[in-house]
Structures are given as C-alpha cells and as structure tokens.
$ cat input.pdb   # PDB, C-alpha atoms and all ligand atoms
ATOM      1  CA  MET A 286     -19.349   7.144  14.423  1.00  0.00           C
ATOM      2  CA  VAL A 287     -19.915   9.862  11.806  1.00  0.00           C
ATOM      3  CA  SER A 288     -19.505  12.570  14.494  1.00  0.00           C
ATOM      4  CA  ALA A 289     -16.223  11.053  15.702  1.00  0.00           C
ATOM      5  CA  HIS A 290     -14.908  10.795  12.123  1.00  0.00           C
ATOM      6  CA  SER A 291     -16.099  14.328  11.347  1.00  0.00           C
ATOM      7  CA  GLY A 292     -14.747  15.951  14.545  1.00  0.00           C
ATOM      8  CA  LEU A 293     -11.398  14.165  14.359  1.00  0.00           C
ATOM      9  CA  ARG A 294     -10.693  15.930  11.051  1.00  0.00           C
ATOM     10  CA  TRP A 295     -10.014  19.166  12.998  1.00  0.00           C
ATOM     11  CA  LEU A 296      -7.534  17.550  15.374  1.00  0.00           C
ATOM     12  CA  LEU A 297      -5.834  15.867  12.439  1.00  0.00           C
ATOM     13  CA  LEU A 298      -5.637  19.128  10.449  1.00  0.00           C
ATOM     14  CA  LEU A 299      -4.254  20.916  13.525  1.00  0.00           C
ATOM     15  CA  PHE A 300      -1.493  18.357  14.080  1.00  0.00           C
ATOM     16  CA  LEU A 301      -0.682  18.180  10.375  1.00  0.00           C
ATOM     17  CA  LEU A 302      -0.182  21.959  10.386  1.00  0.00           C
ATOM     18  CA  ILE A 303       1.956  21.825  13.548  1.00  0.00           C
ATOM     19  CA  ALA A 304       4.020  18.988  12.023  1.00  0.00           C
ATOM     20  CA  LEU A 305       4.508  21.016   8.840  1.00  0.00           C
ATOM     21  CA  PHE A 306       5.602  24.116  10.765  1.00  0.00           C
ATOM     22  CA  GLN A 307       7.999  22.132  12.955  1.00  0.00           C
ATOM     23  CA  THR A 308       9.572  20.156  10.108  1.00  0.00           C
ATOM     24  CA  PHE A 309       9.798  23.268   7.914  1.00  0.00           C
ATOM     25  CA  GLY A 310      11.638  25.027  10.740  1.00  0.00           C
ATOM     26  CA  ARG A 311      14.230  22.220  10.825  1.00  0.00           C
ATOM     27  CA  ARG A 312      14.530  21.573   7.092  1.00  0.00           C
ATOM     28  CA  GLY A 313      18.064  20.797   5.970  1.00  0.00           C
ATOM     29  CA  LYS A 314      19.117  19.852   9.496  1.00  0.00           C
ATOM     30  CA  PHE A 315      20.343  16.422  10.591  1.00  0.00           C
ATOM     31  CA  GLY A 316      18.464  14.829  13.465  1.00  0.00           C
ATOM     32  CA  ASP A 317      15.852  12.375  14.618  1.00  0.00           C
ATOM     33  CA  ILE A 318      12.204  12.650  13.589  1.00  0.00           C
ATOM     34  CA  LYS A 319      11.241  11.853  17.225  1.00  0.00           C
ATOM     35  CA  GLU A 320      12.303  15.400  18.092  1.00  0.00           C
ATOM     36  CA  THR A 321       9.093  16.574  16.398  1.00  0.00           C
ATOM     37  CA  LYS A 322       6.342  14.699  18.256  1.00  0.00           C
ATOM     38  CA  SER A 323       3.628  16.292  16.111  1.00  0.00           C
ATOM     39  CA  VAL A 324       4.808  14.169  13.147  1.00  0.00           C
ATOM     40  CA  LEU A 325       4.038  10.980  15.096  1.00  0.00           C
ATOM     41  CA  ILE A 326       0.762  12.375  16.498  1.00  0.00           C
ATOM     42  CA  ALA A 327      -0.448  13.323  12.986  1.00  0.00           C
ATOM     43  CA  PHE A 328       0.533   9.817  11.815  1.00  0.00           C
ATOM     44  CA  ILE A 329      -1.491   8.201  14.617  1.00  0.00           C
ATOM     45  CA  LEU A 330      -4.516  10.454  14.060  1.00  0.00           C
ATOM     46  CA  THR A 331      -4.623   9.652  10.333  1.00  0.00           C
ATOM     47  CA  HIS A 332      -4.635   5.950  11.144  1.00  0.00           C
ATOM     48  CA  ILE A 333      -7.502   6.347  13.623  1.00  0.00           C
ATOM     49  CA  GLN A 334      -9.305   8.275  10.876  1.00  0.00           C
ATOM     50  CA  LEU A 335      -8.603   5.403   8.460  1.00  0.00           C
ATOM     51  CA  LEU A 336     -10.073   2.899  10.906  1.00  0.00           C
ATOM     52  CA  LEU A 337     -13.241   4.963  11.467  1.00  0.00           C
ATOM     53  CA  GLY A 338     -13.493   5.598   7.710  1.00  0.00           C
ATOM     54  CA  LEU A 339     -13.258   1.888   6.908  1.00  0.00           C
ATOM     55  CA  ILE A 340     -16.007   1.072   9.424  1.00  0.00           C
ATOM     56  CA  LEU A 341     -18.183   3.858   7.951  1.00  0.00           C
ATOM     57  CA  PHE A 342     -17.512   2.554   4.468  1.00  0.00           C
ATOM     58  CA  PHE A 343     -19.441  -0.606   5.356  1.00  0.00           C
ATOM     59  CA  LEU A 344     -22.156   1.115   7.432  1.00  0.00           C
ATOM     60  CA  SER A 345     -22.876   4.386   5.656  1.00  0.00           C
ATOM     61  CA  PRO A 346     -25.955   4.809   3.465  1.00  0.00           C
ATOM     62  CA  LYS A 347     -23.822   7.225   1.414  1.00  0.00           C
ATOM     63  CA  VAL A 348     -21.713   4.306   0.184  1.00  0.00           C
ATOM     64  CA  GLN A 349     -23.632   2.445  -2.509  1.00  0.00           C
ATOM     65  CA  PHE A 350     -22.611  -0.059  -5.118  1.00  0.00           C
ATOM     66  CA  GLY A 351     -24.973  -0.202  -8.053  1.00  0.00           C
ATOM     67  CA  GLY A 352     -26.092   1.465 -11.226  1.00  0.00           C
ATOM     68  CA  SER A 353     -26.628   4.816  -9.508  1.00  0.00           C
ATOM     69  CA  THR A 354     -23.193   5.033  -7.866  1.00  0.00           C
ATOM     70  CA  MET A 355     -21.414   7.029 -10.556  1.00  0.00           C
ATOM     71  CA  SER A 356     -24.405   9.091 -11.680  1.00  0.00           C
ATOM     72  CA  SER A 357     -25.168  10.404  -8.172  1.00  0.00           C
ATOM     73  CA  SER A 358     -22.622  12.978  -6.973  1.00  0.00           C
ATOM     74  CA  LEU A 359     -23.297  12.009  -3.333  1.00  0.00           C
ATOM     75  CA  PHE A 360     -22.761   8.255  -3.789  1.00  0.00           C
ATOM     76  CA  ARG A 361     -19.816   8.768  -6.155  1.00  0.00           C
ATOM     77  CA  PHE A 362     -18.111  11.123  -3.727  1.00  0.00           C
ATOM     78  CA  PHE A 363     -18.259   8.863  -0.650  1.00  0.00           C
ATOM     79  CA  THR A 364     -17.976   5.509  -2.437  1.00  0.00           C
ATOM     80  CA  VAL A 365     -15.081   6.452  -4.710  1.00  0.00           C
ATOM     81  CA  GLU A 366     -13.605   9.957  -4.452  1.00  0.00           C
ATOM     82  CA  HIS A 367     -13.439  10.581  -0.690  1.00  0.00           C
ATOM     83  CA  SER A 368     -12.291   7.074   0.202  1.00  0.00           C
ATOM     84  CA  LEU A 369      -9.661   6.876  -2.539  1.00  0.00           C
ATOM     85  CA  ILE A 370      -8.211  10.374  -2.015  1.00  0.00           C
ATOM     86  CA  MET A 371      -7.983   9.826   1.749  1.00  0.00           C
ATOM     87  CA  ILE A 372      -6.359   6.392   1.400  1.00  0.00           C
ATOM     88  CA  ILE A 373      -3.711   7.904  -0.923  1.00  0.00           C
ATOM     89  CA  ALA A 374      -3.144  10.713   1.612  1.00  0.00           C
ATOM     90  CA  ILE A 375      -2.789   8.183   4.447  1.00  0.00           C
ATOM     91  CA  VAL A 376      -0.288   6.140   2.396  1.00  0.00           C
ATOM     92  CA  LEU A 377       1.746   9.345   1.881  1.00  0.00           C
ATOM     93  CA  ILE A 378       1.664  10.138   5.625  1.00  0.00           C
ATOM     94  CA  THR A 379       2.793   6.580   6.361  1.00  0.00           C
ATOM     95  CA  LEU A 380       5.635   6.810   3.838  1.00  0.00           C
ATOM     96  CA  GLY A 381       6.601  10.233   5.162  1.00  0.00           C
ATOM     97  CA  TYR A 382       6.795   8.993   8.736  1.00  0.00           C
ATOM     98  CA  THR A 383       8.517   5.655   8.096  1.00  0.00           C
ATOM     99  CA  ARG A 384      11.039   7.020   5.569  1.00  0.00           C
ATOM    100  CA  SER A 385      11.861  10.010   7.759  1.00  0.00           C
ATOM    101  CA  LYS A 386      12.917   7.618  10.530  1.00  0.00           C
ATOM    102  CA  LYS A 387      15.744   6.311   8.355  1.00  0.00           C
ATOM    103  CA  ALA A 388      16.703   9.490   6.481  1.00  0.00           C
ATOM    104  CA  PRO A 389      19.725  11.600   7.483  1.00  0.00           C
ATOM    105  CA  LYS A 390      17.619  14.755   6.998  1.00  0.00           C
ATOM    106  CA  PRO A 391      14.314  13.434   8.333  1.00  0.00           C
ATOM    107  CA  PHE A 392      12.492  16.760   8.558  1.00  0.00           C
ATOM    108  CA  ASN A 393      12.743  17.364   4.801  1.00  0.00           C
ATOM    109  CA  VAL A 394      11.322  13.908   4.061  1.00  0.00           C
ATOM    110  CA  ALA A 395       8.410  14.254   6.498  1.00  0.00           C
ATOM    111  CA  PHE A 396       7.626  17.787   5.290  1.00  0.00           C
ATOM    112  CA  ASN A 397       7.535  16.798   1.602  1.00  0.00           C
ATOM    113  CA  PHE A 398       5.204  13.838   2.130  1.00  0.00           C
ATOM    114  CA  TYR A 399       2.990  15.574   4.698  1.00  0.00           C
ATOM    115  CA  ILE A 400       2.414  18.700   2.595  1.00  0.00           C
ATOM    116  CA  ILE A 401       1.153  16.676  -0.381  1.00  0.00           C
ATOM    117  CA  ALA A 402      -1.040  14.635   1.994  1.00  0.00           C
ATOM    118  CA  LEU A 403      -2.470  17.845   3.497  1.00  0.00           C
ATOM    119  CA  VAL A 404      -3.444  19.167   0.056  1.00  0.00           C
ATOM    120  CA  LEU A 405      -5.154  15.849  -0.766  1.00  0.00           C
ATOM    121  CA  ILE A 406      -6.992  15.804   2.580  1.00  0.00           C
ATOM    122  CA  LEU A 407      -8.219  19.381   2.052  1.00  0.00           C
ATOM    123  CA  VAL A 408      -9.483  18.402  -1.405  1.00  0.00           C
ATOM    124  CA  GLY A 409     -11.076  15.171  -0.127  1.00  0.00           C
ATOM    125  CA  ILE A 410     -13.000  16.582   2.843  1.00  0.00           C
ATOM    126  CA  PRO A 411     -16.749  16.950   2.184  1.00  0.00           C
ATOM    127  CA  TRP A 412     -16.842  20.630   3.187  1.00  0.00           C
ATOM    128  CA  PRO A 413     -20.343  21.956   3.995  1.00  0.00           C
ATOM    129  CA  PHE A 414     -20.129  24.466   1.120  1.00  0.00           C
ATOM    130  CA  ARG A 415     -20.286  21.446  -1.203  1.00  0.00           C
ATOM    131  CA  GLU A 416     -23.980  21.322  -0.434  1.00  0.00           C
ATOM    132  CA  ALA A 417     -24.769  18.205  -2.483  1.00  0.00           C
ATOM    133  CA  LEU A 418     -22.655  16.148  -0.035  1.00  0.00           C
ATOM    134  CA  GLY A 419     -24.770  17.029   2.999  1.00  0.00           C
ATOM    135  CA  ALA A 420     -21.899  17.037   5.541  1.00  0.00           C
ATOM    136  CA  GLY A 421     -21.433  19.466   8.435  1.00  0.00           C
ATOM    137  CA  TRP A 422     -18.553  21.411   9.995  1.00  0.00           C
ATOM    138  CA  PHE A 423     -18.317  19.035  12.970  1.00  0.00           C
TER
HETATM  139  C1  LIG B 501      -7.620  11.815   6.518  1.00  0.00           C
HETATM  140  C2  LIG B 501      -8.616  11.017   6.475  1.00  0.00           C
HETATM  141  C3  LIG B 501     -10.087  11.376   6.487  1.00  0.00           C
HETATM  142  C4  LIG B 501     -10.720  12.537   6.831  1.00  0.00           C
HETATM  143  C5  LIG B 501     -10.112  13.861   7.298  1.00  0.00           C
HETATM  144  C6  LIG B 501     -12.144  12.303   6.641  1.00  0.00           C
HETATM  145  C7  LIG B 501     -13.135  13.244   6.876  1.00  0.00           C
HETATM  146  C8  LIG B 501     -14.490  13.014   6.718  1.00  0.00           C
HETATM  147  C9  LIG B 501     -15.528  13.980   6.974  1.00  0.00           C
HETATM  148  C10 LIG B 501     -15.289  15.398   7.475  1.00  0.00           C
HETATM  149  C11 LIG B 501     -16.721  13.384   6.713  1.00  0.00           C
HETATM  150  C12 LIG B 501     -18.117  14.026   6.823  1.00  0.00           C
HETATM  151  C13 LIG B 501     -18.804  13.665   8.109  1.00  0.00           C
HETATM  152  C14 LIG B 501     -20.106  14.430   8.241  1.00  0.00           C
HETATM  153  O1  LIG B 501     -21.089  14.046   7.593  1.00  0.00           O
HETATM  154  O2  LIG B 501     -20.126  15.416   8.980  1.00  0.00           O
HETATM  155  C15 LIG B 501     -16.445  12.034   6.265  1.00  0.00           C
HETATM  156  C16 LIG B 501     -17.397  11.111   5.923  1.00  0.00           C
HETATM  157  C17 LIG B 501     -17.131   9.838   5.499  1.00  0.00           C
HETATM  158  N1  LIG B 501     -15.893   9.250   5.371  1.00  0.00           N
HETATM  159 FE1  LIG B 501     -14.104  10.142   5.768  1.00  0.00          FE
HETATM  160  N2  LIG B 501     -12.322  11.022   6.191  1.00  0.00           N
HETATM  161  C18 LIG B 501     -11.098  10.425   6.077  1.00  0.00           C
HETATM  162  C19 LIG B 501     -10.820   9.141   5.656  1.00  0.00           C
HETATM  163  C20 LIG B 501     -11.765   8.237   5.231  1.00  0.00           C
HETATM  164  C21 LIG B 501     -11.477   6.922   4.706  1.00  0.00           C
HETATM  165  C22 LIG B 501     -10.072   6.355   4.513  1.00  0.00           C
HETATM  166  C23 LIG B 501     -12.674   6.343   4.417  1.00  0.00           C
HETATM  167  C24 LIG B 501     -12.997   4.993   3.855  1.00  0.00           C
HETATM  168  C25 LIG B 501     -12.167   4.132   3.382  1.00  0.00           C
HETATM  169  C26 LIG B 501     -13.724   7.291   4.757  1.00  0.00           C
HETATM  170  C27 LIG B 501     -15.064   7.074   4.619  1.00  0.00           C
HETATM  171  C28 LIG B 501     -16.052   7.985   4.900  1.00  0.00           C
HETATM  172  C29 LIG B 501     -17.463   7.725   4.712  1.00  0.00           C
HETATM  173  C30 LIG B 501     -18.092   6.429   4.197  1.00  0.00           C
HETATM  174  C31 LIG B 501     -18.155   8.884   5.092  1.00  0.00           C
HETATM  175  C32 LIG B 501     -19.681   9.128   5.062  1.00  0.00           C
HETATM  176  C33 LIG B 501     -20.288   8.877   6.436  1.00  0.00           C
HETATM  177  C34 LIG B 501     -21.778   9.221   6.458  1.00  0.00           C
HETATM  178  O3  LIG B 501     -22.114  10.413   6.544  1.00  0.00           O
HETATM  179  O4  LIG B 501     -22.593   8.296   6.394  1.00  0.00           O
HETATM  180  N3  LIG B 501     -13.118   8.436   5.252  1.00  0.00           N
HETATM  181  N4  LIG B 501     -15.069  11.827   6.284  1.00  0.00           N
END

$ encode --input "input.pdb" --output "structure tokens"
Amino acid sequence: MVSAHSGLRWLLLLFLLIALFQTFGRRGKFGDIKETKSVLIAFILTHIQLLLGLILFFLSPKVQFGGSTMSSSLFRFFTVEHSLIMIIAIVLITLGYTRSKKAPKPFNVAFNFYIIALVLILVGIPWPFREALGAGWF
C-alpha cells in the first residue's frame, strides 16, 4: 500500500505538469476542458492518491494520536502536516476541474487551481532528503 501510494506520486506529478503545460498553452482561449485530457487524468490520479492516503491514515504506524504526536516530527508530519496539505491540494484540484467545466475560459481556471495545488503537493511530499521522515524515492 505504501509502495503504491509512494510510486503513484511520480505519475501524478507527471500528469500535473503536462496539464499545466497544456492549459498554459491555451490560456485566454475559449473552449472545453475535455480538449486537455491530462487535466482529467491528473484529477483522477489525485483522487486515487486520496483513497490510498486515507487507507494508510488508519493503518500506518507513522500516524499516531497521543501526547507524542506534536513533539515528534515524524508523527506530526504524517498525522497532521502531510494529510492536511494534501487534502487542501486535492480540494483545489477538484475545484479547478469542476469549475473549469463551466467557465468560458476553462484553461485559465484549471491552470490557476492546479499550479497552487502543485506547489502544495511539492511541499507536502516526504522527500528522502527530509531524513527524519524516513520515506524513499519510490
Ligand atoms: C497528492 C496527494 C498525495 C501524495 C503525492 C502523497 C505522497 C506520499 C508519499 C511520497 C509518501 C511516502 C511513502 C514512502 O514512505 O515511501 C506518503 C506517505 C503517507 N501518506 Fe501520502 N500522499 C498524498 C496524499 C495523502 C493523503 C490525502 C493522506 C491521508 C489523508 C496521506 C497519508 C499518508 C500516510 C499516512 C503516509 C505514511 C505511510 C507509511 O509510511 O506508513 N497521503 N504519501
């Protein structure tokens, strides 16, 4: 489960980048968001990631509720920071996708929401150089 959640980050980052490039290329234009399939694929991948994340939240030994939660950087990160940052990012992706379906200039809407979500996701990932978090590249 952890490997699936960890590996899927790369696919998600790839499709978020493709979606950003494609929507940036069409900014200001009228159209239908379905013309940029990557926007939908990134939306789907973030929701799979949410599902895996929620399951891990209940199974992971790195999620702890107790006196030590906030004093341990590992427990605090996975119990509070990672989960909260990623949920906010996923809400932004959802808003970006759903609002872009109704907007006259859908690519601008999707781009604006997706770029903020990407920054949050990059901040929220437990990169291996944050050694205290004990997570890998894959
Ligand atoms: C865009 C969404 C997300 C991305 C890219 C992401 C990415 C990651 C990565 C890379 C890891 C480290 C895995 C490793 O040890 O190699 C991780 C761990 C974890 N994530 Fe997420 N995550 C996301 C959303 C969520 C959400 C929404 C939750 C919970 C509500 C969550 C809960 C967890 C938990 C509990 C772990 C620790 C698993 C363990 O090692 O025991 N994640 N996540």

$ residues_near_ligand --input "input.pdb" --ligand "ligand LIG 501 (chain B)" --cutoff "9 Å" --atoms "all atoms listed in the file" --output "ChimeraX atom specification"
/A:286-295,297-298,330-348,363-365,367-375,402-403,405-407,409-413,418-423

$ closest_residue --input "input.pdb" --among "A:Ile401, A:Ala327, A:Leu380, A:Ile318" --to "A:Leu296" --atoms "all atoms listed in the file"
A:Ala327

$ closest_residue --input "input.pdb" --among "A:Phe309, A:Phe398, A:Phe315, A:Phe350" --to "A:Leu377" --atoms "all atoms listed in the file"
A:Phe398

$ resolve_selection --input "input.pdb" --expression "the PyMOL selection byres (((chain A and resi 323) around 12) and not hetatm)" --output "VMD selection string"
chain A and resid 296 to 308 318 to 322 324 to 330 382 392 395 to 396 399

$ atom_distance --input "input.pdb" --atom1 "atom CA of A:Leu359" --atom2 "atom CA of A:Val404"
21.4 Å

$ closest_residue --input "input.pdb" --among "A:Ser356, A:Ile378, A:Lys314, A:Glu366" --to "A:Ile400" --atoms "only C-alpha atoms"
A:Ile378

$ atom_distance --input "input.pdb" --atom1 "atom CA of A:Arg312" --atom2 "atom CA of A:Thr379"
19.1 Å
